[in-house]
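Here is query-v2.cif, consisting of mmCIF, N, CA and C atoms:
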data_target
loop_
_atom_site.label_atom_id
_atom_site.label_comp_id
_atom_site.auth_asym_id
_atom_site.auth_seq_id
_atom_site.Cartn_x
_atom_site.Cartn_y
_atom_site.Cartn_z
N MET A 17 32.07 38.92 5.36
CA MET A 17 30.78 39.07 5.98
C MET A 17 30.46 37.78 6.75
N GLU A 18 30.00 37.92 7.95
CA GLU A 18 29.73 36.79 8.83
C GLU A 18 28.24 36.55 8.93
N ILE A 19 27.84 35.28 8.96
CA ILE A 19 26.43 34.92 9.06
C ILE A 19 26.02 34.96 10.53
N PRO A 20 24.91 35.66 10.85
CA PRO A 20 24.45 35.69 12.24
C PRO A 20 24.06 34.29 12.71
N PRO A 21 24.28 33.98 13.99
CA PRO A 21 24.00 32.63 14.51
C PRO A 21 22.54 32.21 14.35
N GLN A 22 21.58 33.15 14.42
CA GLN A 22 20.18 32.77 14.30
C GLN A 22 19.81 32.35 12.87
N GLU A 23 20.59 32.76 11.87
CA GLU A 23 20.32 32.39 10.48
C GLU A 23 21.11 31.15 10.06
N LEU A 24 22.02 30.71 10.89
CA LEU A 24 22.83 29.55 10.57
C LEU A 24 22.01 28.29 10.80
N ASN A 25 21.82 27.51 9.75
CA ASN A 25 21.02 26.29 9.83
C ASN A 25 21.97 25.11 10.04
N THR A 26 21.95 24.55 11.22
CA THR A 26 22.82 23.42 11.52
C THR A 26 22.15 22.09 11.23
N GLY A 27 20.82 22.08 11.13
CA GLY A 27 20.12 20.84 10.88
C GLY A 27 19.86 20.03 12.14
N LEU A 28 20.28 20.53 13.29
CA LEU A 28 20.08 19.77 14.52
C LEU A 28 18.62 19.70 14.91
N GLU A 29 17.87 20.75 14.61
CA GLU A 29 16.46 20.76 14.99
C GLU A 29 15.68 19.69 14.23
N THR A 30 15.93 19.55 12.94
CA THR A 30 15.20 18.56 12.16
C THR A 30 15.60 17.15 12.54
N ASN A 31 16.86 16.94 12.89
CA ASN A 31 17.29 15.60 13.28
C ASN A 31 16.66 15.18 14.59
N SER A 32 16.56 16.10 15.55
CA SER A 32 15.99 15.74 16.84
C SER A 32 14.50 15.46 16.70
N VAL A 33 13.80 16.18 15.83
CA VAL A 33 12.39 15.93 15.63
C VAL A 33 12.19 14.59 14.92
N ALA A 34 13.01 14.30 13.93
CA ALA A 34 12.88 13.04 13.21
C ALA A 34 13.15 11.86 14.12
N SER A 35 14.13 11.98 15.02
CA SER A 35 14.42 10.86 15.90
C SER A 35 13.29 10.65 16.90
N ASP A 36 12.60 11.71 17.32
CA ASP A 36 11.47 11.54 18.21
C ASP A 36 10.31 10.83 17.52
N GLN A 37 10.12 11.10 16.23
CA GLN A 37 9.03 10.49 15.51
C GLN A 37 9.27 9.01 15.26
N THR A 38 10.50 8.59 15.15
CA THR A 38 10.77 7.18 14.88
C THR A 38 10.61 6.33 16.14
N THR A 39 10.66 6.91 17.33
CA THR A 39 10.51 6.12 18.54
C THR A 39 9.05 5.86 18.88
N VAL A 40 8.12 6.62 18.28
CA VAL A 40 6.71 6.42 18.55
C VAL A 40 6.21 5.24 17.72
N PRO A 41 5.63 4.22 18.36
CA PRO A 41 5.16 3.07 17.58
C PRO A 41 3.98 3.47 16.70
N ASP A 42 3.92 2.89 15.53
CA ASP A 42 2.90 3.19 14.55
C ASP A 42 1.88 2.07 14.55
N HIS A 43 0.67 2.33 15.05
CA HIS A 43 -0.37 1.31 15.13
C HIS A 43 -1.45 1.61 14.10
N ARG A 44 -1.06 1.63 12.86
CA ARG A 44 -2.03 1.89 11.81
C ARG A 44 -2.87 0.66 11.56
N ALA A 45 -3.99 0.88 10.91
CA ALA A 45 -4.94 -0.20 10.69
C ALA A 45 -4.42 -1.26 9.73
N ASP A 46 -3.41 -0.94 8.93
CA ASP A 46 -2.95 -1.91 7.94
C ASP A 46 -1.75 -2.73 8.40
N HIS A 47 -1.31 -2.58 9.64
CA HIS A 47 -0.20 -3.38 10.16
C HIS A 47 -0.69 -4.76 10.56
N CYS A 48 0.12 -5.76 10.27
CA CYS A 48 -0.19 -7.14 10.63
C CYS A 48 0.51 -7.49 11.94
N TYR A 49 -0.06 -8.43 12.67
CA TYR A 49 0.49 -8.86 13.95
C TYR A 49 0.61 -10.37 13.95
N GLU A 50 1.75 -10.87 14.47
CA GLU A 50 2.02 -12.30 14.49
C GLU A 50 2.02 -12.82 15.92
N CYS A 51 1.38 -13.96 16.11
CA CYS A 51 1.35 -14.61 17.42
C CYS A 51 2.73 -15.20 17.69
N GLY A 52 3.29 -14.88 18.85
CA GLY A 52 4.61 -15.37 19.21
C GLY A 52 4.61 -16.83 19.62
N VAL A 53 3.45 -17.42 19.85
CA VAL A 53 3.36 -18.79 20.29
C VAL A 53 3.22 -19.75 19.10
N CYS A 54 2.24 -19.47 18.23
CA CYS A 54 1.96 -20.42 17.14
C CYS A 54 2.29 -19.89 15.74
N GLY A 55 2.53 -18.58 15.61
CA GLY A 55 2.87 -18.02 14.32
C GLY A 55 1.69 -17.54 13.50
N TYR A 56 0.48 -17.57 14.06
CA TYR A 56 -0.69 -17.07 13.36
C TYR A 56 -0.52 -15.58 13.09
N ILE A 57 -0.90 -15.14 11.90
CA ILE A 57 -0.77 -13.72 11.54
C ILE A 57 -2.16 -13.12 11.40
N TYR A 58 -2.43 -12.09 12.21
CA TYR A 58 -3.69 -11.36 12.11
C TYR A 58 -3.51 -10.24 11.08
N GLU A 59 -4.29 -10.30 10.00
CA GLU A 59 -4.26 -9.27 8.98
C GLU A 59 -5.54 -8.47 9.07
N PRO A 60 -5.43 -7.17 9.38
CA PRO A 60 -6.64 -6.35 9.53
C PRO A 60 -7.50 -6.30 8.28
N ALA A 61 -6.89 -6.38 7.11
CA ALA A 61 -7.67 -6.33 5.87
C ALA A 61 -8.59 -7.53 5.73
N LEU A 62 -8.23 -8.66 6.34
CA LEU A 62 -9.05 -9.87 6.25
C LEU A 62 -9.99 -10.03 7.43
N GLY A 63 -9.65 -9.41 8.57
CA GLY A 63 -10.45 -9.59 9.77
C GLY A 63 -10.27 -11.00 10.32
N GLU A 64 -11.21 -11.44 11.12
CA GLU A 64 -11.16 -12.79 11.67
C GLU A 64 -12.59 -13.34 11.70
N PRO A 65 -12.98 -14.08 10.65
CA PRO A 65 -14.36 -14.57 10.57
C PRO A 65 -14.73 -15.53 11.70
N LYS A 66 -13.76 -16.28 12.19
CA LYS A 66 -14.03 -17.25 13.27
C LYS A 66 -14.49 -16.54 14.54
N SER A 67 -13.90 -15.38 14.82
CA SER A 67 -14.26 -14.59 16.00
C SER A 67 -15.26 -13.49 15.67
N ARG A 68 -15.75 -13.46 14.44
CA ARG A 68 -16.69 -12.45 13.95
C ARG A 68 -16.11 -11.04 14.03
N ILE A 69 -14.82 -10.92 13.71
CA ILE A 69 -14.16 -9.62 13.62
C ILE A 69 -14.26 -9.17 12.17
N PRO A 70 -14.89 -8.02 11.91
CA PRO A 70 -15.07 -7.59 10.51
C PRO A 70 -13.76 -7.17 9.85
N GLU A 71 -13.77 -7.17 8.53
CA GLU A 71 -12.60 -6.73 7.76
C GLU A 71 -12.29 -5.28 8.07
N GLY A 72 -11.01 -4.94 8.09
CA GLY A 72 -10.58 -3.57 8.34
C GLY A 72 -10.46 -3.19 9.80
N THR A 73 -10.62 -4.15 10.71
CA THR A 73 -10.50 -3.86 12.14
C THR A 73 -9.03 -3.90 12.54
N ALA A 74 -8.54 -2.77 13.04
CA ALA A 74 -7.15 -2.69 13.46
C ALA A 74 -6.93 -3.58 14.68
N PHE A 75 -5.68 -4.02 14.86
CA PHE A 75 -5.36 -4.90 15.98
C PHE A 75 -5.65 -4.22 17.32
N VAL A 76 -5.35 -2.94 17.42
CA VAL A 76 -5.58 -2.23 18.68
C VAL A 76 -7.07 -2.05 18.96
N ASP A 77 -7.92 -2.19 17.95
CA ASP A 77 -9.36 -2.06 18.13
C ASP A 77 -10.04 -3.38 18.46
N LEU A 78 -9.27 -4.48 18.49
CA LEU A 78 -9.84 -5.77 18.87
C LEU A 78 -10.24 -5.73 20.34
N PRO A 79 -11.24 -6.52 20.74
CA PRO A 79 -11.62 -6.54 22.16
C PRO A 79 -10.44 -6.96 23.05
N GLN A 80 -10.42 -6.45 24.26
CA GLN A 80 -9.31 -6.74 25.18
C GLN A 80 -9.21 -8.23 25.49
N ASN A 81 -10.34 -8.92 25.51
CA ASN A 81 -10.32 -10.36 25.82
C ASN A 81 -10.18 -11.22 24.57
N TRP A 82 -9.86 -10.63 23.42
CA TRP A 82 -9.68 -11.39 22.18
C TRP A 82 -8.47 -12.30 22.31
N ARG A 83 -8.58 -13.50 21.78
CA ARG A 83 -7.50 -14.49 21.85
C ARG A 83 -7.16 -14.97 20.45
N CYS A 84 -5.97 -15.52 20.31
CA CYS A 84 -5.53 -16.10 19.04
C CYS A 84 -6.48 -17.22 18.67
N PRO A 85 -7.01 -17.22 17.43
CA PRO A 85 -7.96 -18.27 17.05
C PRO A 85 -7.31 -19.66 16.91
N VAL A 86 -5.99 -19.74 16.87
CA VAL A 86 -5.32 -21.03 16.71
C VAL A 86 -4.93 -21.63 18.06
N CYS A 87 -4.23 -20.83 18.90
CA CYS A 87 -3.70 -21.37 20.15
C CYS A 87 -4.28 -20.71 21.40
N THR A 88 -5.21 -19.80 21.26
CA THR A 88 -5.88 -19.06 22.34
C THR A 88 -4.92 -18.24 23.21
N SER A 89 -3.84 -17.74 22.64
CA SER A 89 -2.93 -16.86 23.38
C SER A 89 -3.53 -15.47 23.50
N LYS A 90 -3.10 -14.72 24.50
CA LYS A 90 -3.59 -13.36 24.72
C LYS A 90 -3.03 -12.40 23.67
N LYS A 91 -3.63 -11.21 23.60
CA LYS A 91 -3.16 -10.19 22.66
C LYS A 91 -1.74 -9.76 22.95
N SER A 92 -1.30 -9.87 24.19
CA SER A 92 0.05 -9.44 24.56
C SER A 92 1.13 -10.33 23.94
N LYS A 93 0.77 -11.49 23.46
CA LYS A 93 1.73 -12.41 22.83
C LYS A 93 1.96 -12.08 21.36
N PHE A 94 1.23 -11.11 20.81
CA PHE A 94 1.35 -10.74 19.41
C PHE A 94 2.38 -9.63 19.24
N ALA A 95 3.09 -9.67 18.12
CA ALA A 95 4.10 -8.66 17.80
C ALA A 95 3.77 -8.03 16.45
N ASP A 96 3.98 -6.72 16.36
CA ASP A 96 3.75 -5.99 15.11
C ASP A 96 4.82 -6.38 14.10
N ILE A 97 4.39 -6.90 12.95
CA ILE A 97 5.35 -7.27 11.90
C ILE A 97 5.27 -6.33 10.71
N GLY A 98 4.50 -5.26 10.84
CA GLY A 98 4.45 -4.25 9.79
C GLY A 98 3.41 -4.54 8.73
N LEU A 99 3.61 -3.93 7.59
CA LEU A 99 2.67 -4.07 6.48
C LEU A 99 2.80 -5.43 5.83
N SER A 100 1.69 -5.94 5.33
CA SER A 100 1.72 -7.27 4.71
C SER A 100 2.31 -7.24 3.31
N ASN A 101 2.26 -6.12 2.63
CA ASN A 101 2.74 -6.06 1.26
C ASN A 101 4.00 -5.23 1.10
N LYS A 102 4.76 -5.06 2.17
CA LYS A 102 5.99 -4.27 2.09
C LYS A 102 7.14 -5.16 1.61
N PRO A 103 8.15 -4.55 1.02
CA PRO A 103 9.33 -5.34 0.62
C PRO A 103 10.00 -5.94 1.85
N SER A 104 10.46 -7.17 1.72
CA SER A 104 11.12 -7.81 2.84
C SER A 104 12.57 -7.35 2.93
N GLY A 105 13.11 -7.35 4.11
CA GLY A 105 14.49 -6.95 4.31
C GLY A 105 14.60 -5.58 4.96
N PHE A 106 15.84 -5.15 5.18
CA PHE A 106 16.10 -3.88 5.82
C PHE A 106 15.94 -2.74 4.82
N ALA A 107 15.46 -1.60 5.27
CA ALA A 107 15.19 -0.46 4.38
C ALA A 107 16.46 0.03 3.70
N GLU A 108 17.61 -0.02 4.39
CA GLU A 108 18.85 0.48 3.80
C GLU A 108 19.40 -0.44 2.71
N ASN A 109 18.91 -1.67 2.62
CA ASN A 109 19.39 -2.61 1.61
C ASN A 109 18.49 -2.71 0.39
N LEU A 110 17.39 -1.95 0.35
CA LEU A 110 16.43 -2.09 -0.74
C LEU A 110 16.97 -1.59 -2.07
N GLY A 111 18.02 -0.79 -2.08
CA GLY A 111 18.58 -0.27 -3.32
C GLY A 111 19.55 -1.21 -4.00
N TYR A 112 19.86 -2.33 -3.40
CA TYR A 112 20.83 -3.27 -3.96
C TYR A 112 20.12 -4.48 -4.55
N GLY A 113 20.86 -5.32 -5.24
CA GLY A 113 20.33 -6.60 -5.70
C GLY A 113 19.61 -6.57 -7.01
N LEU A 114 20.04 -5.76 -7.96
CA LEU A 114 19.46 -5.69 -9.30
C LEU A 114 17.97 -5.38 -9.29
N GLY A 115 17.51 -4.69 -8.26
CA GLY A 115 16.12 -4.28 -8.20
C GLY A 115 15.17 -5.28 -7.57
N VAL A 116 15.63 -6.49 -7.27
CA VAL A 116 14.72 -7.49 -6.70
C VAL A 116 14.51 -7.29 -5.20
N ASN A 117 15.32 -6.48 -4.55
CA ASN A 117 15.13 -6.25 -3.12
C ASN A 117 13.90 -5.40 -2.84
N THR A 118 13.40 -4.69 -3.82
CA THR A 118 12.20 -3.88 -3.61
C THR A 118 10.92 -4.66 -3.85
N LEU A 119 11.02 -5.91 -4.26
CA LEU A 119 9.84 -6.73 -4.51
C LEU A 119 9.24 -7.22 -3.19
N THR A 120 7.94 -7.41 -3.19
CA THR A 120 7.27 -7.98 -2.01
C THR A 120 7.54 -9.48 -1.99
N PRO A 121 7.31 -10.14 -0.87
CA PRO A 121 7.54 -11.59 -0.83
C PRO A 121 6.73 -12.36 -1.88
N GLY A 122 5.50 -11.94 -2.14
CA GLY A 122 4.70 -12.61 -3.16
C GLY A 122 5.29 -12.45 -4.55
N GLN A 123 5.81 -11.25 -4.85
CA GLN A 123 6.43 -11.03 -6.15
C GLN A 123 7.72 -11.84 -6.29
N LYS A 124 8.47 -11.97 -5.19
CA LYS A 124 9.69 -12.78 -5.23
C LYS A 124 9.36 -14.25 -5.46
N ASN A 125 8.31 -14.74 -4.81
CA ASN A 125 7.89 -16.12 -5.03
C ASN A 125 7.49 -16.35 -6.48
N LEU A 126 6.76 -15.41 -7.06
CA LEU A 126 6.36 -15.54 -8.46
C LEU A 126 7.58 -15.55 -9.37
N LEU A 127 8.56 -14.71 -9.09
CA LEU A 127 9.77 -14.65 -9.88
C LEU A 127 10.57 -15.96 -9.78
N ILE A 128 10.73 -16.46 -8.57
CA ILE A 128 11.52 -17.68 -8.35
C ILE A 128 10.83 -18.90 -8.96
N PHE A 129 9.58 -19.14 -8.55
CA PHE A 129 8.90 -20.34 -9.00
C PHE A 129 8.48 -20.25 -10.46
N GLY A 130 8.20 -19.05 -10.94
CA GLY A 130 7.93 -18.87 -12.36
C GLY A 130 9.15 -19.17 -13.20
N GLY A 131 10.33 -18.73 -12.72
CA GLY A 131 11.58 -19.03 -13.42
C GLY A 131 11.88 -20.52 -13.41
N LEU A 132 11.61 -21.18 -12.29
CA LEU A 132 11.81 -22.63 -12.23
C LEU A 132 10.88 -23.37 -13.18
N ALA A 133 9.61 -22.94 -13.22
CA ALA A 133 8.65 -23.58 -14.13
C ALA A 133 9.05 -23.35 -15.58
N LEU A 134 9.47 -22.15 -15.90
CA LEU A 134 9.91 -21.85 -17.27
C LEU A 134 11.14 -22.68 -17.64
N GLY A 135 12.09 -22.82 -16.73
CA GLY A 135 13.27 -23.66 -16.97
C GLY A 135 12.90 -25.11 -17.16
N PHE A 136 11.94 -25.60 -16.37
CA PHE A 136 11.49 -26.99 -16.49
C PHE A 136 10.84 -27.22 -17.85
N ILE A 137 9.98 -26.29 -18.26
CA ILE A 137 9.33 -26.41 -19.58
C ILE A 137 10.37 -26.38 -20.69
N PHE A 138 11.35 -25.51 -20.55
CA PHE A 138 12.41 -25.44 -21.55
C PHE A 138 13.19 -26.76 -21.60
N PHE A 139 13.49 -27.32 -20.44
CA PHE A 139 14.22 -28.59 -20.37
C PHE A 139 13.41 -29.72 -21.00
N ILE A 140 12.13 -29.80 -20.67
CA ILE A 140 11.27 -30.84 -21.22
C ILE A 140 11.11 -30.69 -22.74
N SER A 141 11.19 -29.47 -23.25
CA SER A 141 11.02 -29.25 -24.68
C SER A 141 12.11 -29.90 -25.50
N PHE A 142 13.24 -30.23 -24.89
CA PHE A 142 14.32 -30.91 -25.61
C PHE A 142 13.89 -32.32 -26.07
N TYR A 143 12.91 -32.92 -25.39
CA TYR A 143 12.43 -34.23 -25.79
C TYR A 143 11.66 -34.16 -27.11
N ALA A 144 11.17 -32.98 -27.47
CA ALA A 144 10.43 -32.83 -28.73
C ALA A 144 11.37 -32.67 -29.92
N VAL A 145 12.66 -32.42 -29.68
CA VAL A 145 13.61 -32.23 -30.75
C VAL A 145 14.00 -33.60 -31.33
N ASP A 146 13.99 -33.70 -32.63
CA ASP A 146 14.35 -34.98 -33.28
C ASP A 146 15.83 -35.10 -33.43
#
Would you mind giving the structure from this file in C-alpha coordinates?
Amino acid sequence: MEIPPQELNTGLETNSVASDQTTVPDHRADHCYECGVCGYIYEPALGEPKSRIPEGTAFVDLPQNWRCPVCTSKKSKFADIGLSNKPSGFAENLGYGLGVNTLTPGQKNLLIFGGLALGFIFFISFYAVD
(Lines of atoms letter the chains of each structure in order from A and count residues from 1; the text may use other names and numbers.)
(Lines give C-alpha, C1' and ligand atoms only; values in the text may rest on other atoms or scores of the structure.)
Protein backbone atom coordinates (compact mmCIF):
# COMPACT_ATOMS: atom_id res chain seq x y z
CA MET A 1 0.00 0.00 0.00
CA GLU A 2 1.39 3.39 -1.01
CA ILE A 3 0.96 6.62 0.96
CA PRO A 4 -0.63 9.44 -1.06
CA PRO A 5 1.71 12.45 -1.55
CA GLN A 6 -0.66 14.86 0.24
CA GLU A 7 -0.51 12.74 3.43
CA LEU A 8 3.27 12.37 3.34
CA ASN A 9 4.79 14.66 5.97
CA THR A 10 8.26 15.71 4.90
CA GLY A 11 8.72 18.35 7.58
CA LEU A 12 9.78 20.96 5.03
CA GLU A 13 6.87 23.24 5.85
CA THR A 14 7.73 23.47 9.55
CA ASN A 15 11.42 24.03 8.84
CA SER A 16 10.75 26.91 6.46
CA VAL A 17 8.41 28.57 8.95
CA ALA A 18 10.89 28.15 11.80
CA SER A 19 13.71 29.64 9.76
CA ASP A 20 11.56 32.67 8.90
CA GLN A 21 10.81 33.26 12.57
CA THR A 22 14.47 33.22 13.58
CA THR A 23 15.39 35.98 11.11
CA VAL A 24 12.90 38.43 12.65
CA PRO A 25 14.64 40.45 15.39
CA ASP A 26 13.03 40.18 18.80
CA HIS A 27 12.66 43.60 20.47
CA ARG A 28 11.02 42.55 23.68
CA ALA A 29 10.92 44.83 26.67
CA ASP A 30 13.31 42.67 28.68
CA HIS A 31 16.24 42.75 26.23
CA CYS A 32 19.31 44.72 27.27
CA TYR A 33 21.30 46.95 24.91
CA GLU A 34 25.00 47.77 25.11
CA CYS A 35 26.65 50.97 23.88
CA GLY A 36 29.29 50.13 21.30
CA VAL A 37 31.38 53.15 22.26
CA CYS A 38 31.67 53.03 26.06
CA GLY A 39 30.11 49.69 27.05
CA TYR A 40 27.19 51.14 29.03
CA ILE A 41 24.34 48.63 29.27
CA TYR A 42 20.74 49.86 29.19
CA GLU A 43 18.54 47.50 31.20
CA PRO A 44 14.82 48.11 30.68
CA ALA A 45 13.98 46.69 34.11
CA LEU A 46 16.05 49.46 35.74
CA GLY A 47 15.20 52.32 33.38
CA GLU A 48 17.48 55.35 33.36
CA PRO A 49 16.97 57.69 36.33
CA LYS A 50 19.48 60.24 35.00
CA SER A 51 17.37 60.76 31.86
CA ARG A 52 14.09 60.26 33.78
CA ILE A 53 13.27 57.07 31.87
CA PRO A 54 10.91 54.97 34.04
CA GLU A 55 11.51 51.32 34.88
CA GLY A 56 10.18 48.84 32.33
CA THR A 57 10.69 51.11 29.30
CA ALA A 58 11.80 49.06 26.31
CA PHE A 59 14.79 50.29 24.32
CA VAL A 60 12.66 50.79 21.19
CA ASP A 61 10.27 52.97 23.24
CA LEU A 62 13.02 55.41 24.25
CA PRO A 63 12.79 58.86 22.64
CA GLN A 64 14.49 59.11 19.23
CA ASN A 65 16.85 61.81 20.53
CA TRP A 66 17.84 59.75 23.61
CA ARG A 67 21.60 59.48 24.10
CA CYS A 68 23.89 57.26 26.14
CA PRO A 69 24.10 58.75 29.65
CA VAL A 70 27.86 58.01 29.82
CA CYS A 71 29.29 59.04 26.43
CA THR A 72 26.28 60.74 24.72
CA SER A 73 26.30 58.33 21.75
CA LYS A 74 23.17 57.97 19.62
CA LYS A 75 20.74 55.05 19.91
CA SER A 76 22.14 53.62 16.68
CA LYS A 77 25.41 52.82 18.48
CA PHE A 78 23.65 50.36 20.80
CA ALA A 79 23.49 46.61 20.12
CA ASP A 80 20.97 44.10 21.45
CA ILE A 81 22.76 41.74 23.86
CA GLY A 82 19.66 39.76 24.83
CA LEU A 83 18.28 38.99 28.23
CA SER A 84 20.19 40.07 31.31
CA ASN A 85 19.61 36.84 33.22
CA LYS A 86 20.13 34.30 30.44
CA PRO A 87 22.86 31.66 30.59
CA SER A 88 26.05 32.84 28.93
CA GLY A 89 27.42 31.00 25.93
CA PHE A 90 25.98 29.39 22.83
CA ALA A 91 22.61 27.63 23.11
CA GLU A 92 23.96 24.37 21.62
CA ASN A 93 26.65 24.15 24.34
CA LEU A 94 24.34 24.58 27.35
CA GLY A 95 23.99 20.80 27.84
CA TYR A 96 27.69 20.27 28.51
CA GLY A 97 29.98 21.11 31.41
CA LEU A 98 28.52 19.22 34.38
CA GLY A 99 25.48 21.49 34.41
CA VAL A 100 27.34 24.75 35.01
CA ASN A 101 26.79 25.98 31.45
CA THR A 102 23.13 26.61 32.22
CA LEU A 103 23.99 29.00 35.07
CA THR A 104 23.63 32.74 34.64
CA PRO A 105 26.77 34.88 34.92
CA GLY A 106 25.78 35.93 38.45
CA GLN A 107 25.35 32.31 39.53
CA LYS A 108 28.73 31.43 38.02
CA ASN A 109 30.38 34.28 39.91
CA LEU A 110 28.80 33.08 43.15
CA LEU A 111 30.01 29.54 42.49
CA ILE A 112 33.57 30.61 41.63
CA PHE A 113 34.14 33.22 44.31
CA GLY A 114 32.18 31.28 46.92
CA GLY A 115 34.40 28.27 46.24
CA LEU A 116 37.51 30.43 46.54
CA ALA A 117 36.30 31.91 49.83
CA LEU A 118 35.46 28.47 51.19
CA GLY A 119 38.91 27.17 50.16
CA PHE A 120 40.58 30.17 51.80
CA ILE A 121 38.66 29.60 55.05
CA PHE A 122 39.57 25.93 54.94
CA PHE A 123 43.24 26.81 54.38
CA ILE A 124 43.28 29.34 57.22
CA SER A 125 41.64 26.80 59.55
CA PHE A 126 44.86 24.77 59.50
CA TYR A 127 46.41 27.46 61.72
CA ALA A 128 43.94 26.49 64.47
CA VAL A 129 45.21 22.90 64.49
CA ASP A 130 47.71 22.18 67.28
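For the set A:Arg68, A:Cys51, A:Asp96, A:Pro60, the residue with the smallest atom-to-atom gap to Cys84 of chain A is A:Cys51, counting all atoms listed in the file.
Every protein or nucleic acid residue with an atom no more than 7 Å from Ala61 of chain A, counting all atoms listed in the file and leaving out same-chain residues fewer than 2 positions away, appears here: Ala45, Asp46, Tyr58, Glu59, Gly63, Pro70, Glu71, Gly72 and Thr73 of chain A.
Applied to the shown file, the PyMOL selection byres (((chain A and resi 49 and name CA) around 10) and name CA) selects the residues Asp46, His47, Cys48, Glu50, Cys51, Gly52, Gly55, Tyr56, Ile57, Tyr58, Glu59, Pro60, Ala74, Phe75, Lys91, Lys93, Phe94, Ala95, Asp96, Ile97, Gly98, Leu99 and Ser100 of chain A.
When only C-alpha atoms are used to compute distances to Trp82 of chain A, the closest of the residues A:Lys66, A:Asn117, A:Lys124, A:Asp146 turns out to be A:Lys66.
Taking atom CA of Leu134 of chain A and atom CA of Gly122 of chain A as the two end points, the separation is 17.7 Å.
Distance-wise, atom C of Leu78 of chain A and atom CA of Pro121 of chain A end up 28.3 Å apart.
Straight-line separation from atom CA of Leu114 of chain A to atom CA of Leu126 of chain A: 16.4 Å.
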From the list A:Cys54, A:Pro85, A:Ser92, A:Gly131, the nearest residue to Ile69 of chain A using only C-alpha atoms is A:Pro85
